[in-house]
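Q: Dropping in work_14.txt, which is compact mmCIF, C-alpha atoms and all ligand atoms:
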```txt
# COMPACT_ATOMS: atom_id res chain seq x y z
CA MET A 177 1.19 -76.93 -14.97
CA PRO A 178 -1.71 -78.98 -16.41
CA GLU A 179 -3.21 -77.94 -19.73
CA LEU A 180 -6.20 -75.68 -19.37
CA LYS A 181 -8.56 -78.12 -21.07
CA ASP A 182 -7.55 -80.81 -18.56
CA VAL A 183 -8.12 -78.35 -15.72
CA HIS A 184 -11.66 -77.69 -16.89
CA LYS A 185 -12.36 -81.34 -17.54
CA ASN A 186 -11.24 -82.15 -14.02
CA ARG A 187 -13.45 -79.40 -12.56
CA LEU A 188 -16.40 -80.71 -14.52
CA ASP A 189 -15.77 -84.26 -13.26
CA ARG A 190 -15.69 -83.04 -9.67
CA PHE A 191 -18.81 -80.97 -10.22
CA ARG A 192 -20.66 -83.98 -11.61
CA GLN A 193 -19.73 -85.95 -8.53
CA ARG A 194 -21.30 -83.26 -6.35
CA MET A 195 -24.31 -83.13 -8.64
CA GLU A 196 -24.80 -86.85 -8.22
CA GLU A 197 -24.48 -86.59 -4.45
CA ALA A 198 -27.16 -83.89 -4.51
CA GLY A 199 -29.41 -86.21 -6.52
CA ALA A 200 -29.64 -83.82 -9.47
CA GLU A 201 -29.73 -85.04 -13.08
CA ALA A 202 -29.03 -81.60 -14.55
CA VAL A 203 -27.97 -78.23 -13.19
CA ILE A 204 -28.16 -74.73 -14.61
CA ILE A 205 -25.19 -72.51 -13.70
CA LEU A 206 -25.65 -68.76 -13.98
CA LYS A 207 -23.35 -67.26 -11.34
CA PRO A 208 -20.56 -65.65 -13.39
CA GLU A 209 -17.74 -66.95 -11.19
CA ASN A 210 -19.10 -70.51 -11.30
CA ARG A 211 -19.76 -70.32 -15.04
CA ALA A 212 -16.18 -69.21 -15.68
CA TYR A 213 -14.69 -71.69 -13.22
CA LEU A 214 -16.41 -74.69 -14.76
CA SER A 215 -16.25 -73.77 -18.42
CA GLY A 216 -13.45 -71.25 -18.91
CA PHE A 217 -15.95 -68.84 -20.52
CA GLU A 218 -15.32 -65.35 -19.15
CA GLY A 219 -18.19 -63.48 -20.81
CA SER A 220 -20.73 -61.55 -18.78
CA ALA A 221 -23.84 -63.45 -19.91
CA GLY A 222 -24.52 -67.09 -20.62
CA MET A 223 -25.91 -70.25 -19.09
CA LEU A 224 -24.29 -73.61 -18.43
CA LEU A 225 -26.45 -76.70 -18.47
CA ILE A 226 -24.58 -79.66 -17.07
CA THR A 227 -25.89 -83.20 -17.06
CA LYS A 228 -24.15 -86.51 -16.43
CA ASN A 229 -23.03 -86.74 -20.05
CA GLN A 230 -23.53 -83.30 -21.56
CA ALA A 231 -22.02 -79.91 -20.95
CA LEU A 232 -23.79 -77.08 -22.79
CA LEU A 233 -23.05 -73.38 -22.85
CA LEU A 234 -25.92 -71.20 -24.08
CA VAL A 235 -24.93 -67.72 -25.20
CA ASP A 236 -26.33 -64.95 -27.36
CA PHE A 237 -24.73 -63.67 -30.55
CA ARG A 238 -22.35 -61.31 -28.74
CA TYR A 239 -20.51 -64.16 -27.09
CA LEU A 240 -20.65 -66.89 -29.70
CA GLU A 241 -17.08 -66.66 -30.94
CA GLN A 242 -15.64 -66.05 -27.47
CA ALA A 243 -17.51 -69.06 -26.05
CA LYS A 244 -16.16 -71.33 -28.76
CA ASN A 245 -12.62 -70.18 -28.03
CA GLN A 246 -12.78 -70.22 -24.25
CA ALA A 247 -14.94 -73.29 -23.61
CA PRO A 248 -13.90 -75.84 -26.24
CA HIS A 249 -15.12 -78.81 -24.20
CA PHE A 250 -18.64 -77.38 -23.96
CA GLU A 251 -21.24 -77.66 -26.69
CA ILE A 252 -22.02 -74.06 -27.60
CA ILE A 253 -25.62 -73.19 -28.37
CA GLN A 254 -26.66 -69.78 -29.58
CA TYR A 255 -30.01 -68.56 -28.27
CA ARG A 256 -32.27 -65.69 -29.25
CA GLN A 257 -34.72 -64.21 -26.80
CA PRO A 258 -36.83 -65.63 -25.34
CA LEU A 259 -34.29 -68.06 -23.95
CA SER A 260 -37.13 -70.29 -22.73
CA GLU A 261 -37.79 -71.44 -26.32
CA THR A 262 -34.23 -72.70 -26.69
CA LEU A 263 -34.42 -74.24 -23.23
CA ARG A 264 -37.62 -76.10 -24.17
CA ARG A 265 -35.93 -77.64 -27.18
CA VAL A 266 -32.79 -78.55 -25.21
CA PHE A 267 -34.72 -80.02 -22.27
CA GLN A 268 -36.77 -82.13 -24.69
CA GLU A 269 -33.72 -83.36 -26.60
CA LEU A 270 -31.99 -84.33 -23.36
CA ASN A 271 -35.15 -85.89 -21.93
CA LEU A 272 -34.84 -83.97 -18.69
CA GLU A 273 -37.45 -84.06 -15.96
CA MET A 274 -35.73 -82.15 -13.17
CA VAL A 275 -33.33 -79.25 -13.48
CA GLY A 276 -31.43 -77.82 -10.52
CA PHE A 277 -30.42 -74.18 -10.23
CA GLU A 278 -28.35 -72.00 -7.90
CA GLN A 279 -30.91 -71.03 -5.25
CA ASP A 280 -28.77 -68.18 -3.91
CA TYR A 281 -28.49 -66.51 -7.30
CA VAL A 282 -31.64 -67.01 -9.37
CA THR A 283 -34.22 -64.33 -8.64
CA TRP A 284 -37.81 -65.01 -7.76
CA GLU A 285 -38.81 -63.36 -11.02
CA GLN A 286 -36.54 -65.63 -13.06
CA TYR A 287 -37.87 -68.69 -11.25
CA GLU A 288 -41.45 -67.64 -12.00
CA ILE A 289 -40.67 -67.16 -15.69
CA TRP A 290 -39.10 -70.59 -15.89
CA THR A 291 -41.93 -72.36 -14.09
CA THR A 292 -44.61 -70.52 -16.06
CA ARG A 293 -43.05 -71.22 -19.45
CA LEU A 294 -41.42 -74.59 -18.86
CA GLY A 295 -43.12 -76.03 -15.77
CA ASP A 296 -45.17 -78.40 -17.93
CA LEU A 297 -41.91 -80.02 -19.07
CA VAL A 298 -39.48 -80.01 -16.13
CA GLU A 299 -39.43 -79.34 -12.42
CA PHE A 300 -36.98 -76.66 -11.28
CA ILE A 301 -35.13 -77.65 -8.10
CA PRO A 302 -33.37 -75.09 -5.89
CA LEU A 303 -29.88 -76.27 -4.96
CA PRO A 304 -27.16 -74.85 -2.74
CA ASP A 305 -24.09 -73.58 -4.58
CA LEU A 306 -22.33 -76.85 -5.47
CA THR A 307 -19.46 -75.10 -7.25
CA GLN A 308 -18.37 -72.80 -4.45
CA LYS A 309 -17.05 -75.71 -2.35
CA LEU A 310 -14.96 -76.88 -5.31
CA ARG A 311 -13.55 -73.39 -5.71
CA MET A 312 -12.19 -73.28 -2.16
CA VAL A 313 -9.03 -75.24 -2.99
CA LYS A 314 -7.08 -73.45 -5.68
CA GLY A 315 -5.15 -75.18 -8.45
CA ALA A 316 -1.68 -74.14 -9.62
CA GLU A 317 -3.09 -72.01 -12.45
CA GLU A 318 -5.42 -70.20 -10.03
CA LEU A 319 -2.61 -69.52 -7.55
CA LYS A 320 -0.53 -68.12 -10.37
CA ALA A 321 -3.30 -65.65 -11.27
CA ILE A 322 -3.81 -64.65 -7.62
CA MET A 323 -0.09 -64.08 -7.19
CA GLU A 324 -0.04 -61.92 -10.29
CA ALA A 325 -2.88 -59.81 -8.88
CA VAL A 326 -1.05 -59.57 -5.55
CA ALA A 327 2.21 -58.50 -7.21
CA ILE A 328 0.42 -55.75 -9.15
CA ALA A 329 -1.29 -54.44 -6.02
CA ASP A 330 1.91 -54.62 -3.97
CA SER A 331 3.89 -52.53 -6.41
CA ALA A 332 1.03 -50.10 -7.01
CA PHE A 333 0.97 -49.39 -3.27
CA LEU A 334 4.69 -48.58 -3.39
CA ASP A 335 3.97 -46.20 -6.28
CA ILE A 336 1.52 -44.17 -4.22
CA LEU A 337 3.39 -44.26 -0.90
CA PRO A 338 4.81 -40.75 -1.42
CA LEU A 339 1.25 -39.41 -1.75
CA ILE A 340 0.19 -40.50 1.73
CA ARG A 341 0.93 -37.16 3.33
CA PRO A 342 -0.86 -34.04 4.55
CA GLY A 343 -2.72 -32.21 1.79
CA PHE A 344 -3.87 -35.22 -0.21
CA GLN A 345 -7.52 -36.20 -0.30
CA GLU A 346 -8.68 -39.73 0.45
CA ARG A 347 -10.34 -39.79 -2.96
CA GLU A 348 -7.19 -38.67 -4.78
CA LEU A 349 -5.26 -41.40 -3.04
CA ALA A 350 -7.79 -44.05 -4.06
CA VAL A 351 -7.79 -42.82 -7.67
CA GLU A 352 -4.00 -42.85 -7.86
CA LEU A 353 -3.83 -46.32 -6.35
CA GLU A 354 -6.43 -47.66 -8.76
CA TYR A 355 -4.68 -46.02 -11.69
CA ALA A 356 -1.36 -47.52 -10.59
CA MET A 357 -2.95 -50.98 -10.42
CA ARG A 358 -4.47 -50.58 -13.89
CA ARG A 359 -1.24 -49.25 -15.31
CA ARG A 360 0.61 -52.23 -13.94
CA GLY A 361 -1.78 -54.63 -15.67
CA ALA A 362 -4.84 -55.14 -13.47
CA GLN A 363 -7.91 -56.03 -15.57
CA ALA A 364 -10.11 -54.40 -12.92
CA MET A 365 -10.24 -53.65 -9.23
CA ALA A 366 -11.07 -56.63 -7.04
CA PHE A 367 -13.49 -54.35 -5.11
CA GLU A 368 -14.03 -50.68 -4.44
CA THR A 369 -10.87 -49.28 -2.87
CA ILE A 370 -11.21 -48.17 0.74
CA VAL A 371 -9.37 -45.12 2.03
CA ALA A 372 -10.49 -43.91 5.46
CA SER A 373 -8.41 -41.38 7.35
CA GLY A 374 -8.35 -39.72 10.78
CA PRO A 375 -11.56 -40.33 12.73
CA ARG A 376 -13.06 -41.94 9.60
CA SER A 377 -10.65 -44.85 9.97
CA SER A 378 -13.05 -46.32 12.53
CA LEU A 379 -15.33 -47.12 9.56
CA PRO A 380 -14.23 -50.65 8.62
CA HIS A 381 -15.37 -50.13 5.03
CA GLY A 382 -15.10 -46.37 4.66
CA ALA A 383 -15.48 -45.24 1.05
CA PRO A 384 -12.96 -42.52 0.14
CA THR A 385 -14.19 -38.94 0.51
CA GLU A 386 -12.83 -35.46 -0.07
CA ARG A 387 -11.35 -35.41 3.42
CA VAL A 388 -7.81 -34.07 3.32
CA LEU A 389 -5.15 -36.07 5.13
CA GLN A 390 -3.64 -34.39 8.19
CA ALA A 391 -0.62 -34.92 10.40
CA GLY A 392 -1.58 -37.29 13.21
CA ASP A 393 -4.09 -39.27 11.11
CA LEU A 394 -4.29 -42.99 10.90
CA VAL A 395 -5.14 -44.00 7.33
CA ILE A 396 -6.65 -47.36 6.42
CA ILE A 397 -6.10 -48.35 2.79
CA ASP A 398 -7.76 -51.56 1.61
CA PHE A 399 -7.19 -52.43 -2.03
CA GLY A 400 -7.04 -55.30 -4.49
CA ALA A 401 -6.38 -55.95 -8.14
CA LYS A 402 -8.06 -58.44 -10.43
CA CYS A 403 -5.97 -60.43 -12.85
CA GLN A 404 -6.97 -63.28 -15.19
CA GLY A 405 -10.28 -63.35 -13.31
CA TYR A 406 -8.68 -63.62 -9.85
CA CYS A 407 -8.57 -61.14 -6.96
CA SER A 408 -6.08 -59.93 -4.41
CA ASP A 409 -6.96 -58.26 -1.11
CA CYS A 410 -4.66 -56.32 1.22
CA THR A 411 -5.03 -53.64 3.91
CA ARG A 412 -2.41 -51.37 5.32
CA THR A 413 -2.85 -48.85 8.13
CA VAL A 414 -0.32 -46.05 8.33
CA SER A 415 0.15 -42.99 10.49
CA ILE A 416 0.83 -39.59 9.01
CA GLY A 417 3.81 -38.42 10.95
CA PRO A 418 4.99 -39.99 14.18
CA PRO A 419 2.29 -42.17 15.79
CA THR A 420 0.93 -41.39 19.25
CA PRO A 421 1.48 -43.97 22.00
CA LYS A 422 -2.15 -45.07 21.69
CA GLN A 423 -1.91 -45.46 17.91
CA ARG A 424 1.22 -47.55 18.44
CA GLU A 425 -0.47 -49.63 21.15
CA ILE A 426 -3.51 -50.45 19.01
CA TYR A 427 -1.41 -51.14 15.92
CA ASP A 428 0.87 -53.51 17.82
CA LEU A 429 -2.13 -55.31 19.29
CA VAL A 430 -3.68 -55.86 15.86
CA GLN A 431 -0.32 -57.00 14.49
CA ARG A 432 0.10 -59.46 17.36
CA ALA A 433 -3.37 -60.86 16.68
CA GLN A 434 -2.52 -61.26 13.01
CA ASP A 435 0.83 -62.93 13.76
CA ALA A 436 -0.84 -65.43 16.07
CA ALA A 437 -3.54 -66.21 13.50
CA LEU A 438 -0.93 -66.73 10.78
CA LYS A 439 0.86 -69.20 13.03
CA ALA A 440 -2.42 -71.02 13.72
CA ILE A 441 -3.17 -71.65 10.04
CA SER A 442 -2.41 -75.20 9.08
CA PRO A 443 -4.12 -77.98 7.17
CA GLY A 444 -6.58 -79.84 9.40
CA VAL A 445 -7.40 -76.76 11.50
CA PRO A 446 -11.02 -75.53 11.41
CA ALA A 447 -11.52 -72.02 10.00
CA SER A 448 -13.27 -71.06 13.26
CA ARG A 449 -10.15 -71.88 15.29
CA VAL A 450 -8.02 -69.31 13.46
CA ASP A 451 -10.60 -66.62 14.16
CA ALA A 452 -10.66 -67.61 17.84
CA VAL A 453 -6.88 -67.32 18.18
CA ALA A 454 -6.80 -63.74 16.90
CA ARG A 455 -9.96 -62.74 18.76
CA GLN A 456 -8.65 -63.98 22.07
CA ILE A 457 -5.63 -61.68 21.88
CA ILE A 458 -7.81 -58.67 21.12
CA ASN A 459 -10.35 -59.68 23.80
CA GLU A 460 -7.65 -60.01 26.45
CA GLN A 461 -6.74 -56.36 25.98
CA GLY A 462 -10.38 -55.32 26.38
CA TYR A 463 -10.96 -54.47 22.72
CA GLY A 464 -13.11 -57.49 21.83
CA GLU A 465 -16.22 -55.39 21.17
CA THR A 466 -14.30 -53.23 18.72
CA PHE A 467 -13.39 -56.15 16.43
CA GLY A 468 -16.83 -56.77 15.01
CA HIS A 469 -16.10 -58.59 11.75
CA SER A 470 -14.75 -61.99 10.85
CA LEU A 471 -10.99 -62.53 10.85
CA GLY A 472 -10.87 -63.35 7.16
CA HIS A 473 -12.38 -64.91 4.09
CA GLY A 474 -11.51 -66.97 1.06
CA VAL A 475 -10.39 -65.07 -2.04
CA GLY A 476 -10.49 -66.26 -5.62
CA ARG A 477 -12.70 -65.31 -8.55
CA VAL A 478 -14.58 -63.10 -6.12
CA VAL A 479 -13.10 -61.22 -3.24
CA HIS A 480 -15.32 -62.81 -0.61
CA GLU A 481 -15.73 -66.53 -0.95
CA GLU A 482 -15.57 -69.63 1.21
CA PRO A 483 -14.20 -70.46 3.70
CA THR A 484 -14.76 -67.66 6.20
CA LEU A 485 -12.53 -67.36 9.24
CA ILE A 486 -15.38 -66.91 11.71
CA ASN A 487 -16.69 -68.82 14.72
CA ARG A 488 -19.52 -70.51 12.82
CA ASP A 489 -17.45 -71.85 9.90
CA GLN A 490 -16.19 -75.33 10.71
CA THR A 491 -14.53 -75.84 7.30
CA ILE A 492 -11.29 -77.73 7.74
CA LEU A 493 -8.42 -75.85 6.15
CA GLN A 494 -6.68 -77.67 3.30
CA PRO A 495 -3.56 -76.96 1.28
CA GLY A 496 -4.42 -74.69 -1.63
CA MET A 497 -7.07 -72.64 0.18
CA VAL A 498 -6.44 -68.92 -0.08
CA VAL A 499 -7.70 -66.73 2.76
CA THR A 500 -7.20 -63.25 4.16
CA VAL A 501 -6.14 -62.65 7.74
CA GLU A 502 -7.43 -59.22 8.70
CA PRO A 503 -7.96 -58.39 12.36
CA GLY A 504 -9.03 -54.84 13.15
CA VAL A 505 -9.84 -52.54 16.05
CA TYR A 506 -12.25 -49.66 15.41
CA LEU A 507 -12.90 -46.91 17.97
CA PRO A 508 -15.59 -44.45 16.85
CA GLY A 509 -14.41 -40.85 17.21
CA TRP A 510 -10.77 -41.91 17.47
CA GLY A 511 -10.01 -44.07 14.45
CA GLY A 512 -9.11 -47.62 13.60
CA VAL A 513 -6.46 -50.08 12.57
CA ARG A 514 -6.77 -53.07 10.24
CA ILE A 515 -3.92 -55.15 8.90
CA GLU A 516 -4.80 -57.60 6.14
CA ASP A 517 -2.64 -60.10 4.32
CA LEU A 518 -3.49 -62.86 1.89
CA VAL A 519 -2.16 -66.36 2.51
CA VAL A 520 -2.27 -69.77 0.91
CA VAL A 521 -2.56 -72.83 3.14
CA THR A 522 0.41 -75.13 2.52
CA THR A 523 1.08 -78.71 3.59
CA SER A 524 2.68 -77.54 6.81
CA GLY A 525 1.20 -74.13 7.59
CA CYS A 526 0.66 -71.13 5.38
CA GLU A 527 2.60 -68.88 3.06
CA VAL A 528 1.94 -65.16 3.04
CA LEU A 529 1.35 -64.03 -0.54
CA THR A 530 1.16 -60.27 0.00
CA HIS A 531 4.58 -58.68 0.23
CA CYS A 532 3.31 -55.15 0.33
CA ILE A 533 5.38 -52.81 2.50
CA LYS A 534 4.06 -52.94 6.04
CA GLY A 535 4.34 -50.89 9.22
CA LEU A 536 2.63 -48.01 10.98
CA SER A 537 5.40 -45.52 10.17
CA ILE A 538 6.13 -46.22 6.52
CA THR A 539 5.09 -42.79 5.23
N1 LIG A 601 -11.73 -55.46 0.97
C1 LIG A 601 -12.77 -56.01 1.70
C2 LIG A 601 -12.28 -56.93 2.70
O1 LIG A 601 -11.14 -56.85 3.11
O2 LIG A 601 -12.95 -57.81 3.10
MN MN A 602 -10.61 -58.91 2.99
MN MN A 603 -9.56 -55.98 2.05
```
Any chance you could put this one into structure tokens?
Ligand code: GLY
Ligand code: MN
Ligand code: MN

A:
Amino acid sequence: MPELKDVHKNRLDRFRQRMEEAGAEAVIILKPENRAYLSGFEGSAGMLLITKNQALLLVDFRYLEQAKNQAPHFEIIQYRQPLSETLRRVFQELNLEMVGFEQDYVTWEQYEIWTTRLGDLVEFIPLPDLTQKLRMVKGAEELKAIMEAVAIADSAFLDILPLIRPGFQERELAVELEYAMRRRGAQAMAFETIVASGPRSSLPHGAPTERVLQAGDLVIIDFGAKCQGYCSDCTRTVSIGPPTPKQREIYDLVQRAQDAALKAISPGVPASRVDAVARQIINEQGYGETFGHSLGHGVGRVVHEEPTLINRDQTILQPGMVVTVEPGVYLPGWGGVRIEDLVVVTTSGCEVLTHCIKGLSIT
């Protein structure tokens, strides 16, 4: 595995190439996932300023020591509020005239403060997120972190399997699952755990409630751990007690759609194509209207990132991309089924990363 400092140097080189293509001489990076990806700095506040030849990380006192340790190839600058005074000095020293920023992250208020205080010196240019595209293809060290998060979540699910039975509340189940993930080494949850049972399982993102599980329920459990800054994402749907024929029918349909999508994933295939393959199977059975979300999404430092497996995303899949494959069927008043696994695109297809126990009747 390459040394971490080489990894970050390589990311910075690739970012600068994108910066040049965008015609920007300097870019401010504030999005936490981009800041960490480019610099290695994992703190919760700080600003990167990247130019052709300089890489600066501006932090306040709380993060000074951490920044020096985690981002050795960045020049660390400590600022005191107001940050604009430090920025004025830095912009002058670097002779900057135009500074790009992440247009999908900086607030209107922040933009107004910058232009009011520094507009006499530089022009602030809104830019699309140049880092997100770089983050789509994961390096070996990123895959290792994702696999660690997956392994933690997989075994945590096994820990709580005996609790998926009549008498337990959705909320208790979520708490136990989150505790099991933390106990096994998760630094945080990748997102808020979903537990939706019985008729509530038709809510694709049902937050856990005090509803008590009952025999005959379908239960959707969607959970992920975060490890070394990287997320996992997995959904299992289980029946409490023997499934009804209709529960079995819908589950098998969703599983068939997922199997077909997994087979369709290969380098060179557009993201939209994989969505179409799964959707066609669900459409053919007359349930198309009940599968109202995308088939999947990229996963990395954040749980939803590019590419998206959806009809409007023409991104060509490449080895190293990590995406979920999560078809679902949701019938209000009856319940729902979603099956979600995480995969990495390989040179010849894809490898499923989640090895979490699977099946409608596993309880
Ligand atoms: N956990 C949210 C999702 O699967 O997209
Ligand atoms: Mn997902
Ligand atoms: Mn999920």

Q: Kindly indicate which residue among A:Arg488, A:Arg311, A:Arg514, A:Arg376 lies nearest to ligand MN 602 (chain A), using all atoms listed in the file for the distances.

A: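 For ligand MN 602 (chain A), the nearest of the candidates is A:Arg514.
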
Q: Which residues are close to Arg347 (chain A), i.e. within 10 Å by only C-alpha atoms, leaving aside same-chain residues fewer than 5 positions away? Reply as a count of residues only.

A: 12

Q: So that I can check the surroundings of Cys410 (chain A), please list as a list in words every protein, DNA and RNA residue that reaches within 8 Å of it, counting only C-alpha atoms and ignoring chain neighbours fewer than 4 positions away.

A: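 Here the answer would be Asp398, Phe399, Gly400, Thr500, Ile515, Glu516, Asp517, Leu518 and Thr530 of chain A.
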
Q: Those residues you just picked out, can you put them in a file as an mmCIF file, in the coordinates of the input with C-alpha atoms?

A:
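Result saved to selection_38.cif:
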```cif
data_model
loop_
_atom_site.group_PDB
_atom_site.id
_atom_site.type_symbol
_atom_site.label_atom_id
_atom_site.label_comp_id
_atom_site.auth_asym_id
_atom_site.auth_seq_id
_atom_site.Cartn_x
_atom_site.Cartn_y
_atom_site.Cartn_z
ATOM 1 C CA ASP A 398 -7.760 -51.560 1.610
ATOM 2 C CA PHE A 399 -7.190 -52.430 -2.030
ATOM 3 C CA GLY A 400 -7.040 -55.300 -4.490
ATOM 4 C CA THR A 500 -7.200 -63.250 4.160
ATOM 5 C CA ILE A 515 -3.920 -55.150 8.900
ATOM 6 C CA GLU A 516 -4.800 -57.600 6.140
ATOM 7 C CA ASP A 517 -2.640 -60.100 4.320
ATOM 8 C CA LEU A 518 -3.490 -62.860 1.890
ATOM 9 C CA THR A 530 1.160 -60.270 0.000
#
```

Q: Give me the residues near Leu337 (chain A) as a ChimeraX atom specification, where near means some atom within 10 Å (using all atoms listed in the file) and where sequence neighbours in that chain fewer than 2 positions away do not count.

A: /A:331-335,339-341,349,353,533,538-539

Q: Show me the residues around (-7.7, -52.7, -10.3) - criterion: an atom at most 6 Å away, only C-alpha atoms counted - as a list of chain:residue names.

A: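 The distance filter leaves exactly A:Glu354, A:Met357, A:Arg358, A:Ala362, A:Ala364, A:Met365, A:Ala401, A:Lys402.
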
Q: Identify the residues around (-33.2, -76.0, -10.7) within a radius of 12 Å, measuring from all atoms listed in the file in the coordinates stated by the file, and give them as an MDAnalysis selection string.

A: chainID A and resid 195 198:206 225:226 272:283 286:288 290:291 294:295 298:305

Q: With only C-alpha atoms and all ligand atoms as the atoms that count, which of A:Leu471, A:Cys403, A:Val266, A:Ile458 lies nearest to ligand MN 603 (chain A)?

A: A:Leu471

Q: Using all atoms listed in the file, determine which residues fall within 12 Å of ligand MN 602 (chain A), then list them as a PyMOL selection string.

A: chain A and resi 366-370+380-381+397-400+407-412+469-476+478-482+484-485+498-504+514-519

Q: CA of Arg449 (chain A) to CA of Val520 (chain A): how many Å, to one decimal?

A: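 CA of Arg449 (chain A) sits 16.5 Å away from CA of Val520 (chain A).
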
Q: From the options A:Asn186, A:Thr413, A:Ser220, A:Gln242, which residue's atoms come nearest to ligand MN 603 (chain A), counting all atoms listed in the file?

A: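 Distance minimum relative to ligand MN 603 (chain A) lands on A:Thr413.
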
Q: Kindly indicate which residue among A:Tyr355, A:Tyr255, A:Phe250, A:Phe237 lies nearest to Ile336 (chain A), using all atoms listed in the file for the distances.

A: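 Of A:Tyr355, A:Tyr255, A:Phe250, A:Phe237, the one nearest Ile336 (chain A), counting all atoms listed in the file, is A:Tyr355.
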